[in-house]
Structures are given as C-alpha cells and as structure tokens.
Amino acid sequence: MVAITLPDGSVRQFDGAVTGTDIAEDISKSLAKKALAVKVDGDLRDLFGAIDADASVEIVTRDHEDALDIIRHDAAHLMAQAVQELFPGTQVTIGPNIEDGFFYDFARDEPFSTDDLEKIEKRMGEIVDEARPTRKEVWDRDEAIARFKEIGEHYKAEIIDGLPAGEDVKIYYHGDWHDLCRGPHLPSTKHIGKAFKLMKVAGAYWRGDHRNPMLHRIYGTAWASEKDLKAYLTRLEEAEKRDHRKLGREMDLFHFQPEAQGSVFWHANGYLIWRQLEAYIRRRLDDDGYSEVKSPQLLDSKLWEKSGHWGKFRENMFVVPDEIPSTDDTAPILSGEADLMALKPMNCPAHIQIFNQGIKSYRDLPIRMAEFGCCHRNEAHGALHGLLRVRQMTQDDAHIFCREDQIIDETRKFLALFARVYEDMGMTDIAYKLATRPDARAGDDATWDRAEKALAEALTAAGLNFEIAEGEGAFYGPKLEFHLTDAIGRTWQAGTYQLDYVLPERLDANYIDETGAKQRPVMLHRAVFGTFERFIGLLIEHYAGKLPFWLTPKQIVVATITSDADAYAEETLSAFRAAGLRAELDIRNEKINYKVREHSHAKVPVIAVVGAREAEEGKVSLRRLGDKQQQVVSRDEAVAALALEALAPDMRD
C-alpha cells in the first residue's frame, strides 16, 4: 500500500505505485484535466512519474506558484522543436529559463531574422495543437554520447561528455523530438498553451567563451494565460517609454561615454535633482541625530585585508600602487617597492577608524555616523546599465555604533525613517526581507544566530511582515532588504540595513561599559536611497520623467503668446525666481502650441502662458504637464501656490 497525504491533511491509500495523474483523477476528473505536474515531499516532478512510497503530494495546476517555470521550460523545448523542423541541420545547445521567459542557443551558419521569429512562433502554435505527448527515458552516459553524435548533435554530446563517468542521462521526448534535460516537463505540448512570444535574437559564444564558436540565441517569454502575456507586453512597452537612459537624454540630465566606463557625467539639470535629494536626506538625518563625516577615497590594502574585504572583494576593487620615489632620479621604481592602495568600494572600515579615535563610553552610544561617500567598484563592462549599475557611486551611507540592548530601538528608528522617506518620494508599496547567512561568511554560527535573531525581533517589534531570503546576507552579517513596487508593477531593491558583529571585532572597535570593561559595539550598516545614481534612475522610471514639482530641474517656463507680452513675461519670471522657483523664459517668435508641445516633451511641469490680456489683468494661464485644462489666476496667487508646492516634503511638515 502507498499512503498519499494531500495538502488538506487527508490521506488516500493506493494498492501500489501511483502517478500524479492517478492521484489527480482519484480526487476529481476536473482536477486531472487541469493538472500539469506534481510535488512529492516538496520535490517538483513529472505528472507521469511513479510514486512508490508513502509521500506528501500536491497537484500543480496552472495557477500554482511553480507552474510558470515548467511552462517556460516546455516553451523552450517547443521553440527548439519548431526551429529544427523549419531549419534542418540546426543544432540545439542549451535552453534555460530566465526571468520572465527563456532562451535557446542554436548552432547554424546563418543568423535568425525577425521574419524567422514569426515563422517559428507560427510553427510552435501548430505543435501545441498537435498535443505531442511527453515521456522520459534514462540512457547510459556513453550510449547517450554516441546517439547524439550519430544525429549530428555534437554540442549535446559535449555536454554529456562532461558528466561523471557512469552517470545516467535523462532524455525527454515530446513526440519524436528529444533532448537532454533534467525535467520536469508537462504531460504534452497541448499543456503549454499559446501565451508565448519570441522577443529577439542575439549572439552568444558557446559556454560564454569568446574563443568558442558564436551561436545564435533566441529569447522568448511564456505565461500561464493570454491575459498575463498581454499585461507583460504592455509593461515592457511602458518600461521602454520610462527608460531612464532615454529620458535622461531628453531631459538633459546626464550622459555616459567610453572614456569613463560606468561613471556618470551629470549635467546641470541632473545634478540639481541630486542636490535636492541630498539636501532633503541631510535634513532628515539631522533630525534623527546623525553626525556627518568625510573619509578618504584611497586606503591601504592592509586595512582592507584586516577588515576581510580584500579576500572577498579584491577582484571588484580598483587597486593602485603607493610608489616610493627613488632617491636616484634615473632609477626606475621597482614594483616591489610599492605598497598597494585601493579606492574604497564601501565606507564601513573608514568609519570604524573615526570611531576608534578617542575613548568611547557606553553613555556615548548610539553614535550615528553618516557620509555621502563616493565609492568605486570594478563592475564588468557587460553588467553596466545606465544609472542602475555603475562603477562610481555615491551612497547616502551611515553606520550606527550601539550596544546590543539598543539594536531593536535603533532598527525600529531606522525603519520609521525609511518608510517616511519613501512616502515622501511617492513610493509606499514596500516588501521586507531578512537575508540570512551566506555560505562564504565571516564570524561563527553563534554570532550569526544572535544577529539574525536580533533583526527578526526588530522587524516583529515594528509590526512588519517579512520574508526570509536564505543565504543572501552580507559576508559579515545578516541584512534587511527593501523591495519597492513602482508605478507599473516592477520591483526594485533600494536601501539596505545590515547588522554586524564581525567588523568591530576585526578592526578592534570598543567602548567602556558601566563596569569599566572594554566591550565591542554592534555596527549597523544602513542606507536609505542606497546610491544616488540608482535611486535617481529609479525615480525617473517610476514617474516616467514627470518628477515631483520640488525635484524638477526646470519647474516653470513663462511662455508668451505675442511679443506684446514680453515685458510682462520678464516681470513674471522675476516674480517666480524671487520666490525661489526654478523658472525660465520663452519669448521666441513661435506659436504658443509649438512652445507648449516642446516644453511638455521636456517634462516641464508648469507652463505659465501670458499674452496681452494676461498682461493687462495681471494674471497668468497655468498649464500643467499631462493636463489639457488650464487655470487662469492672478500672478501673485500663482507665485504663492507654486512656491508652497516647490517645498520639499519635510519642509511642509
């Protein structure tokens, strides 16, 4: 007998080995029709595989959280079948799932075209209609190599050849087409559905090595329903409109160029946004009791070795020699005579050096030390992405040195600050995660136990729900992650909060307790924005360039209808500027509709239109970005209202 325990706790008995299909049919015919796969004791399996021992079983249907990965995996196989049928002689290599979809790399002489994608998609739909059944076979390793070589699939043979000798190989069939795969898979191609789309083609080296042949990659996306696919494509279209790199050019905010890979050239408009954010967060930090410091850019490698960063981050650090000048002007400087320095990738070791100056008492704690610290990390060229992934970054960084009994209060205080700031920024949908110890880490398990327990208790005390992100903590301590949902449903990770017992120990930080004994402080690493670069990119995309009025570089353009109003327009401009508003003048000999369209495209939030009538009556006609209506008010009223609107959120409190 085989006892199957279902998610509701009920148990069903079967005479012998049973499949997921058998179990689903035993529950209901309708469930059997919707079943895609099965989870056996938490392990995802094919629906047709045998279960020959007592187990907890869950039937996976289309709306199950694990269904989408299987659908996408099968869609990759579906695409490979269509490609090989349409383009005989093409070899398949690898085809994994990725975020929001899948890809497959193909070996063929000619690259794929956009027209090819349409043909492949059409054939994929036909194969779905054919409902080709899925089955699994297990082959001997050497047999598998020989058979793939026999049909001309040399890349597959190479993959299998890399497996340990004697290891069996799983082969999945969809009809007659088959591929090496670990599974699991859907019962037939019919179960994939037609909520898929091929997105683009690209080149990719075999095994990612430029010395190997170039393959042809096709990217696709697949979803559980046509509705989900349509929503995704709409989101992509909206995301393209919101791309901060595109909007950055249109709004004249910043640019990049090859001579400074991964570093931003901030234009006046972009840097004004930066300055507004910096002034805002500085005021918030002042209110919360932080002291601002400034630490060096270059630090000796010995400090990084002592902190543990040299062993962990050395490959991501920009290292320079600290050369000792020769006393002989003609003699070369030997490499052995130079110590190594590194541009700081983070600020924490430097802040401990400041903390260590002078004796600290338990009464001095907590000490909240903030810095807008410029850091450098040697990110790979291919990983760079506009403002979102850079090499030079400035963090709104801070470190709190506190006693262990102060951890919960300090964490609650920070969480309140974080929520307040993001509410001010118009982003209130925040998911909290507690990232726990990674495999490669400093400190012992007892220290990590204390740290993880303290953060979990602080989140609970703050009344926040949170998820556990296993193994995703920093190498010196667990951390809180803040995942924000933007205006079109995308999630971003912003800010950080990390609890650290390790660095104070490594760098010999201490304070004197009430008994006169030395104790180690706990170090809390925290940032609200994270980095100014990434946060500004996030804001641009969240607001589609239509930034809050207080952040907008150019807040108002005073535009004339006729030249008769030029003098009044200049007086109006002076009135706006006297009130602290960032205003500009447009008295060009152009039609007013042309001016409005041009400034709207540049995301100017308010256009103050003036003509002969407005000049005579002392009024302005205000046109808001995205609003077809206009509001005619007195100039004094407009100045007062817009000056109030231009205040940063904390200054309105």
# chains A, B, ... in the order shown; residues from 1 in each chain; ligands from 1
call {"tool": "residues_around", "arguments": {"residues": "A:Ile488", "least_positions_apart": "5", "cutoff": "8 Å", "atoms": "only C-alpha atoms", "output": "ChimeraX atom specification"}}
result
/A:235,238-239,542
call {"tool": "residues_around", "arguments": {"residues": "stretch 576-592 of chain A", "least_positions_apart": "2", "cutoff": "10 Å", "atoms": "only C-alpha atoms", "output": "VMD selection string"}}
result
chain A and resid 550 552 to 563 565 to 567 569 to 574 594 to 599 604 606 to 611 635 to 636 638 to 640 642 to 647
call {"tool": "residues_around", "arguments": {"residues": "A:Gly152", "least_positions_apart": "5", "cutoff": "9 Å", "atoms": "only C-alpha atoms", "output": "count of residues only"}}
result
3
call {"tool": "select_by_dssp", "arguments": {"residues": "stretch 472-540 of chain A", "states": "strand (DSSP E)", "output": "ChimeraX atom specification"}}
result
/A:479-485,491-493,496-500,511-512,518-519,522-531
call {"tool": "write_last_selection", "arguments": {"atoms": "C-alpha atoms", "output": "short mmCIF file (atom, residue, chain, number, x, y, z; two decimals), in the first residue's frame"}}
result
data_model
loop_
_atom_site.label_atom_id
_atom_site.label_comp_id
_atom_site.auth_asym_id
_atom_site.auth_seq_id
_atom_site.Cartn_x
_atom_site.Cartn_y
_atom_site.Cartn_z
CA LYS A 479 20.67 42.30 6.32
CA LEU A 480 17.23 43.67 5.68
CA GLU A 481 16.20 44.12 2.06
CA PHE A 482 13.59 46.62 0.95
CA HIS A 483 11.76 45.76 -2.28
CA LEU A 484 9.71 48.59 -3.76
CA THR A 485 6.95 48.24 -6.34
CA THR A 491 10.04 45.65 -8.10
CA TRP A 492 13.29 47.40 -7.19
CA GLN A 493 15.64 46.76 -4.32
CA THR A 496 19.94 48.45 2.96
CA TYR A 497 20.26 47.68 6.66
CA GLN A 498 22.86 45.24 7.95
CA LEU A 499 23.73 44.07 11.43
CA ASP A 500 27.42 43.40 12.00
CA TYR A 511 33.78 51.13 24.21
CA ILE A 512 33.96 51.20 28.02
CA LYS A 518 36.04 47.05 27.25
CA GLN A 519 33.17 45.85 25.06
CA VAL A 522 27.43 46.38 17.39
CA MET A 523 27.72 48.04 13.97
CA LEU A 524 24.59 48.74 11.95
CA HIS A 525 25.24 49.50 8.26
CA ARG A 526 22.38 51.42 6.67
CA ALA A 527 21.41 53.44 3.60
CA VAL A 528 18.01 54.85 2.68
CA PHE A 529 18.39 55.65 -1.02
CA GLY A 530 21.20 53.13 -1.49
CA THR A 531 23.14 55.12 -4.08
#
call {"tool": "closest_residue", "arguments": {"among": "A:Thr21, A:Ser56, A:Ser291, A:Gln81", "to": "A:Leu6", "atoms": "only C-alpha atoms"}}
result
A:Ser56
